$ cat start.txt   # compact mmCIF, C-alpha atoms
# COMPACT_ATOMS: atom_id res chain seq x y z
CA MET A 27 -26.78 22.77 26.61
CA GLU A 28 -29.24 24.98 24.70
CA ASP A 29 -31.10 22.10 22.99
CA GLU A 30 -31.32 20.19 26.26
CA ILE A 31 -32.80 23.21 28.02
CA VAL A 32 -35.37 23.62 25.24
CA HIS A 33 -36.43 20.00 25.82
CA LEU A 34 -36.72 20.55 29.58
CA VAL A 35 -38.80 23.69 29.08
CA LYS A 36 -41.21 21.76 26.86
CA ARG A 37 -41.50 19.00 29.47
CA ILE A 38 -42.26 21.50 32.25
CA GLU A 39 -44.86 23.28 30.12
CA SER A 40 -46.47 19.94 29.26
CA ASN A 41 -46.76 18.98 32.93
CA ALA A 42 -48.09 22.42 33.83
CA ASP A 43 -50.75 21.95 31.14
CA GLY A 44 -51.63 18.56 32.64
CA LEU A 45 -52.00 20.04 36.11
CA GLN A 46 -54.08 22.89 34.73
CA GLN A 47 -56.46 20.45 33.02
CA LEU A 48 -56.79 18.41 36.22
CA GLY A 49 -57.46 21.54 38.26
CA ARG A 50 -60.12 22.72 35.79
CA GLU A 51 -61.89 19.39 35.95
CA LEU A 52 -62.00 19.59 39.72
CA VAL A 53 -63.14 23.21 39.80
CA ASP A 54 -65.90 22.56 37.27
CA GLY A 55 -67.12 19.37 38.99
CA GLU A 56 -69.80 19.16 41.61
CA ALA A 57 -68.86 16.09 43.64
CA ALA A 58 -66.54 16.22 46.62
CA VAL A 59 -63.05 14.83 46.04
CA PRO A 60 -63.03 12.23 48.84
CA ALA A 61 -65.62 9.96 47.20
CA ASP A 62 -63.80 6.67 46.77
CA GLU A 63 -63.74 6.59 42.97
CA ALA A 64 -62.93 10.29 42.58
CA SER A 65 -60.19 9.99 45.17
CA ARG A 66 -58.53 7.11 43.35
CA THR A 67 -58.75 8.96 40.01
CA LEU A 68 -57.25 12.13 41.45
CA LEU A 69 -54.50 10.19 43.16
CA ALA A 70 -53.59 8.30 39.99
CA GLU A 71 -53.49 11.39 37.77
CA ALA A 72 -51.63 13.52 40.30
CA LEU A 73 -49.07 10.79 41.03
CA ALA A 74 -48.37 10.35 37.31
CA LEU A 75 -47.76 14.08 36.93
CA SER A 76 -45.68 14.13 40.11
CA ARG A 77 -43.37 11.42 38.78
CA GLN A 78 -42.88 13.37 35.57
CA ILE A 79 -42.11 16.59 37.45
CA GLU A 80 -39.71 14.71 39.72
CA GLY A 81 -37.91 13.41 36.63
CA ILE A 82 -37.53 16.96 35.30
CA GLY A 83 -36.06 18.10 38.61
CA ARG A 84 -33.48 15.31 38.47
CA ALA A 85 -32.65 16.17 34.86
CA VAL A 86 -32.02 19.83 35.75
CA SER A 87 -29.84 18.81 38.72
CA GLU A 88 -27.86 16.44 36.49
CA LEU A 89 -27.39 19.20 33.92
CA ALA A 90 -26.02 21.49 36.65
CA LYS A 91 -23.55 18.77 37.71
CA ARG A 92 -22.36 18.26 34.14
CA CYS A 93 -21.92 22.00 33.68
CA ASP A 94 -19.94 22.12 36.93
CA ALA A 95 -17.67 19.29 35.76
CA ALA A 96 -17.12 21.14 32.48
CA SER A 97 -16.14 24.31 34.40
CA MET A 98 -18.87 26.43 32.84
CA GLN A 99 -19.79 29.83 34.23
CA SER A 100 -20.79 29.64 37.89
CA SER A 101 -23.77 31.92 37.19
CA GLU A 102 -25.27 29.30 34.86
CA ILE A 103 -24.65 26.48 37.35
CA ASN A 104 -26.21 28.40 40.24
CA ALA A 105 -29.21 29.34 38.09
CA LEU A 106 -29.78 25.70 37.17
CA ARG A 107 -29.56 24.65 40.81
CA ASP A 108 -32.09 27.31 41.74
CA VAL A 109 -34.47 25.98 39.10
CA ALA A 110 -34.04 22.41 40.38
CA ALA A 111 -34.81 23.59 43.94
CA GLU A 112 -37.87 25.48 42.71
CA ILE A 113 -39.19 22.41 40.90
CA ALA A 114 -38.66 20.34 44.07
CA GLY A 115 -40.68 22.91 46.01
CA GLU A 116 -43.59 22.72 43.54
CA LEU A 117 -43.44 18.92 43.73
CA GLY A 118 -43.69 19.05 47.51
CA SER A 119 -46.63 21.44 47.30
CA LEU A 120 -48.47 19.13 44.88
CA ALA A 121 -47.84 16.13 47.14
CA ALA A 122 -49.33 17.97 50.11
CA ILE A 123 -52.41 18.99 48.10
CA VAL A 124 -53.02 15.40 47.01
CA ASP A 125 -52.43 13.96 50.48
CA LEU A 126 -54.94 16.37 52.01
CA ALA A 127 -57.50 15.79 49.26
CA THR A 128 -57.38 11.98 49.29
CA GLY A 129 -57.08 11.40 53.00
CA GLU A 130 -53.49 10.21 52.90
CA ILE A 131 -52.86 12.42 55.95
CA PRO A 132 -54.71 10.96 58.97
CA GLY A 133 -57.73 13.02 60.06
CA CYS A 134 -58.06 14.88 56.75
CA LYS A 135 -60.31 12.51 54.79
CA ASP A 136 -63.48 14.13 53.46
CA CYS A 137 -62.32 17.56 54.68
CA ARG A 138 -61.76 19.47 51.42
CA PRO A 139 -64.26 20.26 48.68
CA ARG A 140 -63.46 19.46 45.08
CA LYS A 141 -63.31 23.08 43.89
CA GLU A 142 -60.87 24.07 46.62
CA VAL A 143 -58.52 21.24 45.69
CA GLY A 144 -58.85 22.21 42.03
CA GLY A 145 -57.94 25.81 42.86
CA ASP A 146 -54.81 24.66 44.69
CA ILE A 147 -53.76 22.51 41.75
CA LEU A 148 -54.35 25.38 39.32
CA ARG A 149 -52.05 27.58 41.41
CA THR A 150 -49.40 24.84 41.37
CA ALA A 151 -49.71 24.65 37.57
CA ARG A 152 -49.22 28.41 37.33
CA ASP A 153 -46.21 28.39 39.67
CA LEU A 154 -44.60 25.51 37.78
CA ARG A 155 -44.33 27.70 34.69
CA GLN A 156 -41.87 29.98 36.47
CA PRO A 157 -38.98 27.46 36.35
CA ALA A 158 -39.66 27.05 32.62
CA LEU A 159 -39.27 30.80 32.16
CA LYS A 160 -36.03 30.81 34.14
CA LEU A 161 -34.64 27.95 32.07
CA SER A 162 -35.38 29.92 28.91
CA ARG A 163 -33.36 32.81 30.31
CA ILE A 164 -30.46 30.50 31.18
CA ARG A 165 -30.46 29.28 27.59
CA ALA A 166 -29.60 32.80 26.41
CA MET A 167 -26.62 33.13 28.78
CA LYS A 168 -24.05 31.41 26.59
CA SER A 169 -23.01 30.68 23.02
CA PRO A 170 -21.04 27.53 22.18
CA LYS A 171 -17.33 27.90 21.40
CA ARG A 172 -15.47 26.28 18.50
CA PHE A 173 -11.72 25.92 18.00
CA ALA A 174 -10.27 25.15 14.58
CA VAL A 175 -8.16 22.05 13.93
CA GLY A 176 -4.51 22.80 14.74
CA THR A 177 -5.34 25.32 17.48
CA SER A 178 -3.37 25.04 20.73
CA VAL A 179 -5.80 24.94 23.63
CA ARG A 180 -5.88 24.54 27.38
CA VAL A 181 -8.28 21.92 28.74
CA ARG A 182 -9.53 23.80 31.81
CA ASN A 183 -10.48 20.66 33.68
CA PRO A 184 -8.18 18.76 34.46
CA GLY A 185 -5.74 21.49 33.38
CA VAL A 186 -3.72 20.05 30.48
CA ASP A 187 -2.55 21.53 27.19
CA GLY A 188 -3.13 20.05 23.78
CA VAL A 189 -3.88 20.59 20.10
CA VAL A 190 -7.25 20.28 18.39
CA THR A 191 -7.16 17.38 15.92
CA ASN A 192 -10.86 17.18 15.12
CA LEU A 193 -13.95 19.38 15.49
CA ASP A 194 -17.51 18.05 15.26
CA ASP A 195 -19.69 19.73 12.64
CA GLU A 196 -22.78 19.73 14.86
CA ARG A 197 -23.49 20.29 18.54
CA SER A 198 -24.27 17.27 20.69
CA ALA A 199 -24.09 16.72 24.48
CA LEU A 200 -24.57 19.93 26.49
CA SER A 201 -25.41 21.53 23.10
CA GLU A 202 -21.68 22.12 22.70
CA TYR A 203 -19.30 21.53 19.80
CA TRP A 204 -17.06 18.66 20.87
CA HIS A 205 -13.37 18.57 20.01
CA THR A 206 -10.76 15.84 19.87
CA ILE A 207 -7.68 17.10 21.73
CA LYS A 208 -4.25 15.49 21.45
CA THR A 209 -2.31 15.83 24.73
CA LYS A 210 0.82 14.25 26.15
CA GLN A 211 -1.42 11.88 28.10
CA GLY A 212 -3.35 10.83 24.98
CA GLU A 213 -6.47 11.97 23.14
CA ARG A 214 -9.45 13.53 24.91
CA ARG A 215 -12.97 14.47 23.84
CA GLU A 216 -13.89 17.89 25.22
CA PRO A 217 -16.73 20.42 24.75
CA GLY A 218 -15.83 23.95 23.70
CA CYS A 219 -16.90 25.30 27.11
CA ASN A 220 -14.00 23.37 28.73
CA LEU A 221 -11.38 24.80 26.37
CA GLU A 222 -9.52 28.10 26.20
CA LEU A 223 -7.17 29.40 23.55
CA ILE A 224 -3.41 29.27 24.12
CA GLU A 225 -2.05 32.41 22.52
CA PRO A 226 0.80 32.04 20.03
CA PRO A 227 4.37 32.78 21.18
CA ILE A 228 5.21 36.47 21.14
CA ALA A 229 6.95 37.59 17.91
CA HIS A 230 6.65 34.11 16.38
CA ALA A 231 4.05 32.78 13.99
CA ALA A 232 1.89 29.97 15.34
CA PRO A 233 2.41 26.51 13.76
CA GLY A 234 0.33 26.17 10.66
CA THR A 235 -0.27 29.91 10.29
CA ARG A 236 -0.50 30.90 6.64
CA LYS A 237 2.47 32.87 5.40
CA ILE A 238 1.42 36.45 4.74
CA ALA A 239 4.47 37.78 2.90
CA ASP A 240 8.20 37.26 2.45
CA THR A 241 9.13 40.55 4.11
CA ILE A 242 7.18 42.63 6.61
CA ASN A 243 8.65 45.97 7.70
CA PHE A 244 7.35 48.58 10.13
CA HIS A 245 8.26 52.23 9.67
CA GLY A 246 7.75 55.31 11.82
CA PRO A 247 6.00 55.76 15.14
CA ASN A 248 2.70 54.59 13.62
CA SER A 249 4.12 51.11 12.81
CA ARG A 250 2.97 51.27 9.20
CA LEU A 251 2.70 47.85 7.52
CA THR A 252 4.60 47.39 4.23
CA VAL A 253 4.38 44.07 2.35
CA ASN A 254 7.22 42.92 0.04
CA GLY A 255 8.72 46.39 -0.36
CA ASN A 256 9.95 49.61 1.18
CA ASP A 257 7.87 52.46 2.53
CA ASN A 258 9.28 55.80 1.37
CA SER A 259 6.27 57.85 2.34
CA SER A 260 6.21 60.25 5.27
CA ASN A 261 4.10 59.72 8.37
CA THR A 262 1.67 62.16 9.84
CA VAL A 263 2.13 61.29 13.50
CA LEU A 264 -1.23 60.73 15.17
CA GLY A 265 0.26 59.22 18.30
CA HIS A 266 2.09 55.90 18.57
CA GLY A 267 -0.06 53.05 17.25
CA ASN A 268 -3.14 55.08 16.31
CA GLU A 269 -3.30 53.67 12.79
CA LEU A 270 -2.76 50.16 14.16
CA PHE A 271 -5.70 50.37 16.54
CA GLU A 272 -7.91 51.91 13.87
CA GLY A 273 -7.03 49.00 11.59
CA LEU A 274 -7.88 46.55 14.36
CA ARG A 275 -11.27 48.18 14.84
CA GLN A 276 -12.02 48.11 11.11
CA SER A 277 -11.20 44.39 11.02
CA ALA A 278 -13.37 43.76 14.09
CA ALA A 279 -16.30 45.45 12.34
CA SER A 280 -16.28 42.64 9.76
CA ILE A 281 -17.06 39.97 12.40
CA GLY A 282 -20.64 38.77 12.02
CA ASP A 283 -21.19 37.51 15.57
CA GLU A 284 -22.29 40.57 17.57
CA ARG A 285 -21.18 39.17 20.93
CA ASP A 286 -17.70 38.29 19.65
CA ARG A 287 -17.43 41.63 17.83
CA ASN A 288 -18.32 43.68 20.92
CA LEU A 289 -15.96 41.69 23.14
CA ILE A 290 -13.04 42.12 20.72
CA LEU A 291 -13.74 45.86 20.38
CA GLU A 292 -13.59 46.15 24.18
CA ARG A 293 -10.25 44.34 24.18
CA ILE A 294 -8.92 46.69 21.48
CA ASP A 295 -9.96 49.71 23.56
CA GLU A 296 -8.11 48.23 26.53
CA LEU A 297 -5.01 47.68 24.37
CA GLU A 298 -5.04 51.30 23.31
CA ARG A 299 -5.54 52.57 26.86
CA THR A 300 -2.63 50.53 28.22
CA ARG A 301 -0.21 50.76 25.28
CA ALA A 302 2.25 52.95 27.21
CA SER A 303 1.83 51.28 30.58
CA GLY A 304 2.73 48.08 32.36
CA GLY A 305 -0.81 46.81 31.83
CA PHE A 306 -0.33 46.31 28.08
CA LEU A 307 0.83 42.69 28.45
CA ASP A 308 -2.31 41.69 30.34
CA ALA A 309 -4.46 43.55 27.82
CA TYR A 310 -2.63 41.76 24.98
CA LYS A 311 -3.30 38.37 26.58
CA ALA A 312 -7.00 39.19 27.03
CA PHE A 313 -7.19 40.36 23.41
CA MET A 314 -5.62 37.14 22.09
CA ALA A 315 -7.94 35.01 24.22
CA ALA A 316 -10.97 36.84 22.80
CA LEU A 317 -9.99 36.20 19.17
CA SER A 318 -10.77 32.44 19.29
CA ASP A 319 -12.39 31.71 15.90
CA HIS A 320 -11.29 35.04 14.37
CA ILE A 321 -7.50 34.80 14.69
CA THR A 322 -6.95 34.91 10.90
CA VAL A 323 -8.85 38.21 10.63
CA PHE A 324 -6.23 39.91 12.78
CA ALA A 325 -3.14 38.00 11.62
CA PRO A 326 -1.66 41.00 9.70
CA PHE A 327 -1.66 43.10 12.91
CA LEU A 328 -0.11 40.57 15.31
CA PRO A 329 3.56 41.37 14.51
CA ALA A 330 2.96 45.07 15.24
CA LEU A 331 1.27 44.22 18.53
CA ALA A 332 4.17 41.95 19.40
CA GLN A 333 6.59 44.84 18.87
CA MET A 334 4.55 46.98 21.22
CA LEU A 335 5.05 44.46 24.01
CA GLY A 336 8.42 46.11 24.53
CA ILE A 337 6.64 49.30 25.73
CA LYS A 338 6.90 49.79 29.53

$ encode --input "start.txt" --output "structure tokens"
Amino acid sequence: MEDEIVHLVKRIESNADGLQQLGRELVDGEAAVPADEASRTLLAEALALSRQIEGIGRAVSELAKRCDAASMQSSEINALRDVAAEIAGELGSLAAIVDLATGEIPGCKDCRPRKEVGGDILRTARDLRQPALKLSRIRAMKSPKRFAVGTSVRVRNPGVDGVVTNLDDERSALSEYWHTIKTKQGERREPGCNLELIEPPIAHAAPGTRKIADTINFHGPNSRLTVNGNDNSSNTVLGHGNELFEGLRQSAASIGDERDRNLILERIDELERTRASGGFLDAYKAFMAALSDHITVFAPFLPALAQMLGIK
């Protein structure tokens, strides 16, 4: 979606520039607009710009519909619809200015001086830049999601489960990474925004997960991790799971994407807050959903978290 929005912003700015040039020409001229030749010239130029602006409005509306079908965030969809409505309003304003200036409205021929019409068109050009600014803000509202081949995912719309069998290297339609999903009903092509991670079964490794070690043991209230051996050391009890959560935070710090890193850190905080309550299961599910592309970073900690699911 981001690349498409960039293109729409450029189109709006281009049309605003065209309106501004037309308005300047009228303001700087001396003749009255309703002279036959000037009227035809104004009408032709304004109608050409109007058709372009109308096309942009339709493109924004179509983008909102596609986002709605892909079950993207409602805030993005509503923002796009607002922009489309704002563009339609500017188009109506321009049409009224031209009708009044060229005598298309009965009784108004020869009633407006050239500079006044030019001033109105300049204001329309200025106001048309506002939707471009809003589109630029919408562009920053989301980052595309990617799911690795072999990941179990839920296709949000129409609500089916499947496994990723292919992931495009580059973004395309909607500026999303598109995935090939194998479901019971056959293969589907879906953007990342219409997919959500299906967490692995509790206490079982997900299919295709790399084997970490032959034997993994947990000792003491701090669930210390020992690989291929026995832990004969003594624990300094910091509170159940303290070392586990500290390890999770250290691993999260290695994630380069700031948005993903901050979200995962929030989920870790929630895990720690709810570790001794009935809310731990929900916090665990939210944490797993947030991992997405970073599941392998936290693989060594998942067995310990699974054990903690027994806490009430």

$ atom_distance --input "start.txt" --atom1 "atom CA of A:Ser40" --atom2 "atom CA of A:Thr150"
13.4 Å

$ atom_distance --input "start.txt" --atom1 "atom CA of A:Leu307" --atom2 "atom CA of A:Val175"
26.8 Å

$ atom_distance --input "start.txt" --atom1 "atom CA of A:Gly176" --atom2 "atom CA of A:Glu225"
12.6 Å

$ residues_near_point --input "start.txt" --point "(-3.2, 51.2, 26.2)" --cutoff "12 Å" --atoms "all atoms listed in the file" --output "PyMOL selection string"
chain A and resi 265-268+271+292-310+313+331+334-335+337-338

$ closest_residue --input "start.txt" --among "A:Leu289, A:Thr177, A:Cys93, A:Glu284" --to "A:Ile321" --atoms "only C-alpha atoms"
A:Thr177
